[in-house]
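Asker: Enclosed is the structure file protein.pdb (PDB, C-alpha atoms, pLDDT in the B column).
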```pdb
ATOM      1  CA  MET A  11      -5.448 -38.470 -25.273  1.00 82.00           C
ATOM      2  CA  ARG A  12      -4.957 -38.575 -29.018  1.00 86.00           C
ATOM      3  CA  ASN A  13      -7.468 -36.692 -31.091  1.00 91.00           C
ATOM      4  CA  SER A  14      -8.085 -35.249 -34.529  1.00 93.00           C
ATOM      5  CA  LEU A  15      -8.806 -31.704 -33.360  1.00 95.00           C
ATOM      6  CA  ARG A  16      -6.029 -30.068 -35.359  1.00 95.00           C
ATOM      7  CA  VAL A  17      -7.116 -31.775 -38.562  1.00 95.00           C
ATOM      8  CA  LEU A  18     -10.781 -30.924 -37.993  1.00 95.00           C
ATOM      9  CA  ARG A  19      -9.927 -27.303 -37.185  1.00 95.00           C
ATOM     10  CA  ALA A  20      -7.892 -27.072 -40.394  1.00 95.00           C
ATOM     11  CA  GLN A  21     -10.853 -28.445 -42.345  1.00 94.00           C
ATOM     12  CA  LEU A  22     -13.066 -25.751 -40.873  1.00 93.00           C
ATOM     13  CA  GLU A  23     -10.333 -23.195 -41.660  1.00 95.00           C
ATOM     14  CA  ILE A  24     -10.474 -21.548 -38.267  1.00 95.00           C
ATOM     15  CA  SER A  25      -7.645 -20.481 -35.966  1.00 96.00           C
ATOM     16  CA  GLN A  26      -7.021 -21.779 -32.455  1.00 96.00           C
ATOM     17  CA  ALA A  27      -8.233 -18.428 -31.141  1.00 96.00           C
ATOM     18  CA  GLU A  28     -11.484 -18.705 -33.075  1.00 96.00           C
ATOM     19  CA  LEU A  29     -12.084 -22.243 -31.881  1.00 97.00           C
ATOM     20  CA  ALA A  30     -11.301 -21.135 -28.331  1.00 96.00           C
ATOM     21  CA  GLU A  31     -13.902 -18.386 -28.580  1.00 96.00           C
ATOM     22  CA  ARG A  32     -16.552 -20.797 -29.884  1.00 96.00           C
ATOM     23  CA  LEU A  33     -15.835 -23.191 -27.032  1.00 97.00           C
ATOM     24  CA  GLY A  34     -15.551 -20.517 -24.324  1.00 95.00           C
ATOM     25  CA  ILE A  35     -12.015 -21.566 -23.380  1.00 96.00           C
ATOM     26  CA  ALA A  36      -8.531 -20.043 -23.635  1.00 95.00           C
ATOM     27  CA  ARG A  37      -6.427 -20.422 -26.767  1.00 95.00           C
ATOM     28  CA  GLN A  38      -3.748 -22.182 -24.696  1.00 94.00           C
ATOM     29  CA  THR A  39      -6.355 -24.779 -23.750  1.00 96.00           C
ATOM     30  CA  VAL A  40      -7.134 -25.453 -27.414  1.00 96.00           C
ATOM     31  CA  ASN A  41      -3.406 -25.959 -27.972  1.00 95.00           C
ATOM     32  CA  ALA A  42      -3.148 -28.318 -24.994  1.00 95.00           C
ATOM     33  CA  LEU A  43      -6.132 -30.295 -26.334  1.00 95.00           C
ATOM     34  CA  GLU A  44      -4.670 -30.532 -29.861  1.00 95.00           C
ATOM     35  CA  THR A  45      -1.262 -31.677 -28.617  1.00 93.00           C
ATOM     36  CA  GLY A  46      -2.878 -34.316 -26.419  1.00 91.00           C
ATOM     37  CA  LYS A  47      -1.476 -32.766 -23.235  1.00 93.00           C
ATOM     38  CA  TYR A  48      -4.970 -32.261 -21.810  1.00 94.00           C
ATOM     39  CA  ALA A  49      -8.081 -34.449 -22.028  1.00 94.00           C
ATOM     40  CA  PRO A  50     -11.323 -32.452 -21.890  1.00 95.00           C
ATOM     41  CA  SER A  51     -14.144 -32.967 -19.435  1.00 96.00           C
ATOM     42  CA  LEU A  52     -17.305 -34.595 -20.762  1.00 95.00           C
ATOM     43  CA  PRO A  53     -19.210 -31.294 -21.164  1.00 96.00           C
ATOM     44  CA  LEU A  54     -16.296 -29.756 -23.072  1.00 97.00           C
ATOM     45  CA  ALA A  55     -15.930 -32.881 -25.226  1.00 96.00           C
ATOM     46  CA  PHE A  56     -19.609 -32.608 -26.202  1.00 96.00           C
ATOM     47  CA  LYS A  57     -19.181 -28.885 -26.963  1.00 96.00           C
ATOM     48  CA  ILE A  58     -16.249 -29.755 -29.236  1.00 96.00           C
ATOM     49  CA  ALA A  59     -18.298 -32.467 -30.944  1.00 96.00           C
ATOM     50  CA  LYS A  60     -21.081 -29.952 -31.563  1.00 96.00           C
ATOM     51  CA  VAL A  61     -18.684 -27.444 -33.163  1.00 96.00           C
ATOM     52  CA  PHE A  62     -17.289 -30.049 -35.542  1.00 95.00           C
ATOM     53  CA  GLN A  63     -20.632 -31.836 -36.034  1.00 95.00           C
ATOM     54  CA  LYS A  64     -19.059 -35.211 -35.271  1.00 95.00           C
ATOM     55  CA  PRO A  65     -19.526 -37.828 -32.507  1.00 94.00           C
ATOM     56  CA  VAL A  66     -17.134 -37.538 -29.554  1.00 94.00           C
ATOM     57  CA  GLU A  67     -15.600 -40.953 -30.253  1.00 92.00           C
ATOM     58  CA  GLU A  68     -14.705 -39.848 -33.785  1.00 92.00           C
ATOM     59  CA  ILE A  69     -12.724 -36.909 -32.440  1.00 94.00           C
ATOM     60  CA  PHE A  70     -11.026 -38.447 -29.377  1.00 93.00           C
ATOM     61  CA  ASP A  71      -9.144 -41.755 -29.323  1.00 89.00           C
ATOM     62  CA  PRO A  72      -9.249 -43.370 -25.872  1.00 79.00           C
ATOM     63  CA  THR A  73      -7.019 -46.344 -26.753  1.00 75.00           C
ATOM     64  CA  ASP A  74      -4.022 -44.938 -24.851  1.00 64.00           C
ATOM     65  CA  VAL A  75      -6.053 -44.151 -21.721  1.00 59.00           C
ATOM     66  CA  GLU A  76      -5.238 -46.454 -18.766  1.00 55.00           C
ATOM     67  CA  ASP A  77      -8.055 -48.640 -17.402  1.00 55.00           C
TER      68      ASP A  77
ATOM     69  CA  MET B  19      -3.986 -16.862 -19.863  1.00 51.00           C
ATOM     70  CA  PRO B  20      -6.033 -13.960 -21.286  1.00 56.00           C
ATOM     71  CA  ALA B  21      -6.104 -10.636 -19.429  1.00 67.00           C
ATOM     72  CA  ASP B  22      -8.965 -10.311 -16.942  1.00 81.00           C
ATOM     73  CA  THR B  23     -10.002  -6.653 -16.948  1.00 87.00           C
ATOM     74  CA  PRO B  24     -12.363  -6.702 -13.914  1.00 88.00           C
ATOM     75  CA  TYR B  25      -9.690  -8.455 -11.854  1.00 91.00           C
ATOM     76  CA  VAL B  26      -6.942  -6.049 -12.902  1.00 91.00           C
ATOM     77  CA  ARG B  27      -9.147  -3.018 -12.266  1.00 93.00           C
ATOM     78  CA  THR B  28     -10.194  -4.202  -8.792  1.00 93.00           C
ATOM     79  CA  THR B  29      -6.641  -5.186  -7.862  1.00 92.00           C
ATOM     80  CA  VAL B  30      -5.077  -1.898  -8.981  1.00 93.00           C
ATOM     81  CA  ILE B  31      -7.700   0.260  -7.248  1.00 94.00           C
ATOM     82  CA  SER B  32      -7.551  -1.855  -4.083  1.00 95.00           C
ATOM     83  CA  ALA B  33      -3.741  -1.743  -4.064  1.00 93.00           C
ATOM     84  CA  ILE B  34      -3.819   2.060  -4.230  1.00 95.00           C
ATOM     85  CA  VAL B  35      -6.423   2.234  -1.456  1.00 96.00           C
ATOM     86  CA  TYR B  36      -4.326  -0.225   0.566  1.00 94.00           C
ATOM     87  CA  ALA B  37      -1.220   1.961   0.262  1.00 95.00           C
ATOM     88  CA  VAL B  38      -3.159   5.052   1.359  1.00 96.00           C
ATOM     89  CA  ILE B  39      -4.854   3.341   4.304  1.00 95.00           C
ATOM     90  CA  LEU B  40      -1.607   1.664   5.373  1.00 94.00           C
ATOM     91  CA  SER B  41       0.212   5.011   5.377  1.00 95.00           C
ATOM     92  CA  ALA B  42      -2.575   6.593   7.406  1.00 94.00           C
ATOM     93  CA  SER B  43      -2.621   3.655   9.789  1.00 94.00           C
ATOM     94  CA  LEU B  44       1.144   3.843  10.362  1.00 92.00           C
ATOM     95  CA  TRP B  45       0.937   7.616  10.896  1.00 93.00           C
ATOM     96  CA  TYR B  46      -1.883   7.192  13.409  1.00 93.00           C
ATOM     97  CA  ASP B  47       0.080   4.546  15.286  1.00 91.00           C
ATOM     98  CA  ALA B  48       3.175   6.780  15.461  1.00 91.00           C
ATOM     99  CA  HIS B  49       1.187   9.747  16.808  1.00 92.00           C
ATOM    100  CA  HIS B  50      -1.348   8.033  19.099  1.00 89.00           C
ATOM    101  CA  MET B  51       0.674   5.379  20.890  1.00 83.00           C
ATOM    102  CA  ASP B  52      -1.572   5.364  23.960  1.00 88.00           C
ATOM    103  CA  SER B  53      -4.885   5.278  22.138  1.00 88.00           C
ATOM    104  CA  ILE B  54      -7.133   2.198  22.290  1.00 91.00           C
ATOM    105  CA  TRP B  55      -8.052   2.981  18.669  1.00 91.00           C
ATOM    106  CA  ARG B  56      -4.570   1.817  17.587  1.00 91.00           C
ATOM    107  CA  TYR B  57      -5.851  -1.721  17.312  1.00 92.00           C
ATOM    108  CA  PRO B  58      -8.830  -1.205  14.959  1.00 94.00           C
ATOM    109  CA  VAL B  59      -6.838   1.358  12.960  1.00 94.00           C
ATOM    110  CA  ALA B  60      -3.942  -1.126  12.645  1.00 93.00           C
ATOM    111  CA  VAL B  61      -6.161  -3.673  10.852  1.00 95.00           C
ATOM    112  CA  LEU B  62      -7.920  -1.180   8.523  1.00 95.00           C
ATOM    113  CA  PRO B  63      -5.499  -2.033   5.622  1.00 94.00           C
ATOM    114  CA  ILE B  64      -7.096  -5.481   5.541  1.00 95.00           C
ATOM    115  CA  ILE B  65     -10.313  -4.025   4.063  1.00 96.00           C
ATOM    116  CA  PRO B  66      -8.954  -3.366   0.536  1.00 95.00           C
ATOM    117  CA  LEU B  67      -7.120  -6.700   0.722  1.00 93.00           C
ATOM    118  CA  ILE B  68     -10.485  -8.411   1.217  1.00 96.00           C
ATOM    119  CA  PHE B  69     -11.571  -6.937  -2.125  1.00 95.00           C
ATOM    120  CA  ILE B  70      -8.400  -8.267  -3.772  1.00 93.00           C
ATOM    121  CA  ALA B  71      -9.027 -11.698  -2.249  1.00 94.00           C
ATOM    122  CA  ARG B  72     -12.621 -11.688  -3.524  1.00 95.00           C
ATOM    123  CA  ALA B  73     -11.504 -10.585  -6.992  1.00 94.00           C
ATOM    124  CA  SER B  74      -8.922 -13.398  -7.020  1.00 92.00           C
ATOM    125  CA  VAL B  75     -11.521 -16.033  -6.136  1.00 94.00           C
ATOM    126  CA  GLN B  76     -13.901 -14.679  -8.797  1.00 94.00           C
ATOM    127  CA  ARG B  77     -11.059 -14.663 -11.335  1.00 93.00           C
ATOM    128  CA  ILE B  78     -10.257 -18.307 -10.694  1.00 93.00           C
ATOM    129  CA  ALA B  79     -13.973 -19.150 -11.012  1.00 94.00           C
ATOM    130  CA  ARG B  80     -13.991 -17.513 -14.479  1.00 93.00           C
ATOM    131  CA  LEU B  81     -11.044 -19.584 -15.728  1.00 94.00           C
ATOM    132  CA  ASP B  82     -11.645 -22.471 -18.106  1.00 95.00           C
ATOM    133  CA  GLU B  83     -11.316 -26.045 -16.852  1.00 96.00           C
ATOM    134  CA  LEU B  84      -7.645 -26.465 -17.783  1.00 97.00           C
ATOM    135  CA  HIS B  85      -6.574 -23.235 -16.080  1.00 96.00           C
ATOM    136  CA  GLN B  86      -8.627 -24.071 -12.987  1.00 96.00           C
ATOM    137  CA  ARG B  87      -6.811 -27.415 -12.873  1.00 96.00           C
ATOM    138  CA  ILE B  88      -3.461 -25.639 -13.226  1.00 96.00           C
ATOM    139  CA  GLN B  89      -4.356 -23.288 -10.357  1.00 96.00           C
ATOM    140  CA  PHE B  90      -5.613 -26.137  -8.164  1.00 96.00           C
ATOM    141  CA  ASN B  91      -2.383 -28.115  -8.665  1.00 96.00           C
ATOM    142  CA  ALA B  92      -0.245 -24.996  -8.207  1.00 96.00           C
ATOM    143  CA  LEU B  93      -2.040 -24.039  -4.984  1.00 96.00           C
ATOM    144  CA  ALA B  94      -1.661 -27.555  -3.591  1.00 97.00           C
ATOM    145  CA  MET B  95       2.092 -27.434  -4.295  1.00 97.00           C
ATOM    146  CA  THR B  96       2.255 -23.892  -2.876  1.00 97.00           C
ATOM    147  CA  VAL B  97       0.708 -24.898   0.448  1.00 97.00           C
ATOM    148  CA  LEU B  98       3.141 -27.784   0.867  1.00 98.00           C
ATOM    149  CA  VAL B  99       6.255 -25.865  -0.225  1.00 97.00           C
ATOM    150  CA  THR B 100       5.380 -22.851   1.951  1.00 97.00           C
ATOM    151  CA  ALA B 101       4.726 -25.119   4.915  1.00 97.00           C
ATOM    152  CA  LEU B 102       8.104 -26.799   4.472  1.00 98.00           C
ATOM    153  CA  ILE B 103       9.954 -23.484   4.139  1.00 97.00           C
ATOM    154  CA  THR B 104       8.273 -21.830   7.133  1.00 97.00           C
ATOM    155  CA  LEU B 105       8.643 -24.910   9.323  1.00 97.00           C
ATOM    156  CA  THR B 106      12.315 -25.222   8.383  1.00 97.00           C
ATOM    157  CA  TYR B 107      12.932 -21.594   9.261  1.00 97.00           C
ATOM    158  CA  GLY B 108      10.919 -22.021  12.478  1.00 96.00           C
ATOM    159  CA  PHE B 109      13.310 -24.777  13.564  1.00 97.00           C
ATOM    160  CA  LEU B 110      16.294 -22.603  12.626  1.00 97.00           C
ATOM    161  CA  GLU B 111      14.833 -19.671  14.590  1.00 95.00           C
ATOM    162  CA  HIS B 112      14.649 -21.970  17.592  1.00 95.00           C
ATOM    163  CA  VAL B 113      18.405 -22.523  17.405  1.00 97.00           C
ATOM    164  CA  GLY B 114      19.284 -18.882  16.978  1.00 96.00           C
ATOM    165  CA  LEU B 115      18.491 -17.438  13.545  1.00 96.00           C
ATOM    166  CA  PRO B 116      16.803 -14.015  13.654  1.00 96.00           C
ATOM    167  CA  HIS B 117      13.037 -13.901  14.116  1.00 95.00           C
ATOM    168  CA  ILE B 118      11.038 -13.053  10.986  1.00 95.00           C
ATOM    169  CA  SER B 119       7.573 -11.557  11.325  1.00 93.00           C
ATOM    170  CA  VAL B 120       4.610 -13.648  10.101  1.00 91.00           C
ATOM    171  CA  VAL B 121       3.712 -10.730   7.826  1.00 90.00           C
ATOM    172  CA  TRP B 122       6.335 -12.140   5.421  1.00 94.00           C
ATOM    173  CA  VAL B 123       4.543 -15.494   5.046  1.00 94.00           C
ATOM    174  CA  TRP B 124       2.081 -14.110   2.475  1.00 91.00           C
ATOM    175  CA  PRO B 125       4.776 -12.583   0.179  1.00 93.00           C
ATOM    176  CA  LEU B 126       6.646 -15.890   0.408  1.00 96.00           C
ATOM    177  CA  MET B 127       3.474 -17.823  -0.464  1.00 96.00           C
ATOM    178  CA  ALA B 128       2.699 -15.458  -3.371  1.00 94.00           C
ATOM    179  CA  ALA B 129       6.206 -15.955  -4.789  1.00 96.00           C
ATOM    180  CA  VAL B 130       5.981 -19.729  -4.395  1.00 97.00           C
ATOM    181  CA  TRP B 131       2.498 -19.656  -6.022  1.00 96.00           C
ATOM    182  CA  GLY B 132       3.940 -17.861  -9.050  1.00 95.00           C
ATOM    183  CA  ILE B 133       6.738 -20.409  -9.393  1.00 97.00           C
ATOM    184  CA  CYS B 134       4.411 -23.393  -8.909  1.00 96.00           C
ATOM    185  CA  THR B 135       1.962 -21.987 -11.489  1.00 95.00           C
ATOM    186  CA  GLY B 136       4.800 -21.719 -13.998  1.00 95.00           C
ATOM    187  CA  VAL B 137       5.968 -25.263 -13.248  1.00 94.00           C
ATOM    188  CA  THR B 138       2.437 -26.691 -13.516  1.00 95.00           C
ATOM    189  CA  ARG B 139       1.674 -24.824 -16.736  1.00 94.00           C
ATOM    190  CA  ARG B 140       4.671 -26.430 -18.492  1.00 92.00           C
ATOM    191  CA  ARG B 141       2.904 -29.808 -18.324  1.00 90.00           C
ATOM    192  CA  TYR B 142       0.127 -28.507 -20.558  1.00 91.00           C
ATOM    193  CA  TYR B 143       1.556 -25.704 -22.670  1.00 84.00           C
ATOM    194  CA  HIS B 144       3.196 -26.461 -25.988  1.00 63.00           C
ATOM    195  CA  SER B 145       6.898 -25.613 -25.739  1.00 53.00           C
TER     196      SER B 145
END
```
Will you turn the file into structure tokens for me?

Answerer:
Amino acid sequence: MRNSLRVLRAQLEISQAELAERLGIARQTVNALETGKYAPSLPLAFKIAKVFQKPVEEIFDPTDVED
Amino acid sequence: MPADTPYVRTTVISAIVYAVILSASLWYDAHHMDSIWRYPVAVLPIIPLIFIARASVQRIARLDELHQRIQFNALAMTVLVTALITLTYGFLEHVGLPHISVVWVWPLMAAVWGICTGVTRRRYYHS
């Protein structure tokens, strides 16, 4: 699932490791999220939205998700 | 995956205890071949392995959602691959290949689990 995580993280000027710590996940998971290789669960998506102070739908783009 | 100190500590200590108990168990068996106590003494090495098993389950429970998914997929593949390998060898044993003790099934499964975890991880890790 495409997303703007990398851009948002750069705007906050934090590393993947720092973001991982804030979210309570591994750094490799942050990388998998940013590269679109992993789509987060709903609770994790809301946690991410809270960190970046943006709505979930502004961060994640579901247009390439199959119906 | 980040290092898990409680898991490593429990596993190392339990592995050492396992080696000691196993040695004692084998010694007892060699020197008390007529004793009824051979049977309970023979299974004593399982006790530290129970602690390793519990630590492994707790470790997986502490993983984040992606790594739990990786482990779930890897374990599913491991069960199927191990079943295929052991069944294949079972058929070959039937037609004459040497018998292999079931004690080797777990090391085989552990090796397959490691390979399947590596294969599954590649789907999600940035190369």

Asker: Provide as a short mmCIF file (atom, residue, chain, number, x, y, z; two decimals) with C-alpha atoms, keeping the file's coordinate frame the residues of chain A at most 12 Å from chain B, counting all atoms listed in the file.

Answerer:
```
data_model
loop_
_atom_site.label_atom_id
_atom_site.label_comp_id
_atom_site.auth_asym_id
_atom_site.auth_seq_id
_atom_site.Cartn_x
_atom_site.Cartn_y
_atom_site.Cartn_z
CA ALA A 27 -8.23 -18.43 -31.14
CA ALA A 30 -11.30 -21.14 -28.33
CA GLU A 31 -13.90 -18.39 -28.58
CA LEU A 33 -15.84 -23.19 -27.03
CA GLY A 34 -15.55 -20.52 -24.32
CA ILE A 35 -12.02 -21.57 -23.38
CA ALA A 36 -8.53 -20.04 -23.64
CA ARG A 37 -6.43 -20.42 -26.77
CA GLN A 38 -3.75 -22.18 -24.70
CA THR A 39 -6.36 -24.78 -23.75
CA VAL A 40 -7.13 -25.45 -27.41
CA ASN A 41 -3.41 -25.96 -27.97
CA ALA A 42 -3.15 -28.32 -24.99
CA LEU A 43 -6.13 -30.30 -26.33
CA GLU A 44 -4.67 -30.53 -29.86
CA THR A 45 -1.26 -31.68 -28.62
CA GLY A 46 -2.88 -34.32 -26.42
CA LYS A 47 -1.48 -32.77 -23.24
CA TYR A 48 -4.97 -32.26 -21.81
CA ALA A 49 -8.08 -34.45 -22.03
CA PRO A 50 -11.32 -32.45 -21.89
CA SER A 51 -14.14 -32.97 -19.43
CA LEU A 52 -17.30 -34.60 -20.76
CA PRO A 53 -19.21 -31.29 -21.16
CA LEU A 54 -16.30 -29.76 -23.07
CA ALA A 55 -15.93 -32.88 -25.23
#
```

Asker: Could you please determine the separation between CA of Val120 in chain B and CA of Arg87 in chain B in Å, to one decimal place?

Answerer: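 Separation between CA of Val120 in chain B and CA of Arg87 in chain B: 29.1 Å.
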
Asker: At most 12 Å from (-9.3, -35.9, -32.8), file frame, all atoms listed in the file: which residues, as a ChimeraX atom specification?

Answerer: /A:11-20,40,43-46,49-50,55,58-59,62,64-72

Asker: Work out how far apart CA of Val61 in chain A and CA of Leu22 in chain A are and give it in Å to one decimal.

Answerer: 9.7 Å

Asker: Mind giving me the straight-line distance from CA of Val97 in chain B to CA of Ala60 in chain B in Å, one decimal?

Answerer: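 Distance between the two atoms: 27.1 Å.
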
Asker: Just say which residues the PyMOL selection byres ((chain B and resi 35-38) around 8) picks in this file, as a PyMOL selection string.

Answerer: chain B and resi 31-34+39-42+63-67

Asker: Counting all atoms listed in the file, which of B:Ala128, B:Ala71, B:Ser43, B:Thr135 gets nearest to Phe90 in chain B?

Answerer: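 Among B:Ala128, B:Ala71, B:Ser43, B:Thr135, it is B:Thr135 that comes nearest to Phe90 in chain B.
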
Asker: List the residues selected by the PyMOL selection byres ((chain B and resi 137) around 12) in the file shown, writing them as a list in words.

Answerer: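 Against this file, the PyMOL selection byres ((chain B and resi 137) around 12) returns the residues Ile88, Gln89, Asn91, Ala92, Leu93, Met95, Thr96, Val130, Trp131, Gly132, Ile133, Cys134, Thr135, Gly136, Thr138, Arg139, Arg140, Arg141, Tyr142 and Tyr143 of chain B.
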
Asker: Output the selection as a short mmCIF file (atom, residue, chain, number, x, y, z; two decimals), in the coordinates of the input - C-alpha atoms for each residue.

Answerer:
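Output (out.cif):
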```cif
data_model
loop_
_atom_site.label_atom_id
_atom_site.label_comp_id
_atom_site.auth_asym_id
_atom_site.auth_seq_id
_atom_site.Cartn_x
_atom_site.Cartn_y
_atom_site.Cartn_z
CA ILE B 88 -3.46 -25.64 -13.23
CA GLN B 89 -4.36 -23.29 -10.36
CA ASN B 91 -2.38 -28.12 -8.66
CA ALA B 92 -0.24 -25.00 -8.21
CA LEU B 93 -2.04 -24.04 -4.98
CA MET B 95 2.09 -27.43 -4.30
CA THR B 96 2.26 -23.89 -2.88
CA VAL B 130 5.98 -19.73 -4.39
CA TRP B 131 2.50 -19.66 -6.02
CA GLY B 132 3.94 -17.86 -9.05
CA ILE B 133 6.74 -20.41 -9.39
CA CYS B 134 4.41 -23.39 -8.91
CA THR B 135 1.96 -21.99 -11.49
CA GLY B 136 4.80 -21.72 -14.00
CA THR B 138 2.44 -26.69 -13.52
CA ARG B 139 1.67 -24.82 -16.74
CA ARG B 140 4.67 -26.43 -18.49
CA ARG B 141 2.90 -29.81 -18.32
CA TYR B 142 0.13 -28.51 -20.56
CA TYR B 143 1.56 -25.70 -22.67
#
```

Asker: Check the smallest atom-to-atom distance from each of B:Ala94, B:Ala48, B:Val99, B:Ala79 to Ala129 in chain B using all atoms listed in the file, then report the winner.

Answerer: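 Looking only at the distances to Ala129 in chain B, the closest residue turns out to be B:Val99.
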
Asker: I'd like to know which of B:Trp45, B:Thr106, B:Trp124, B:Pro24 is closest to Arg72 in chain B, using all atoms listed in the file.

Answerer: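 That would be B:Pro24, the residue with the smallest distance to Arg72 in chain B.
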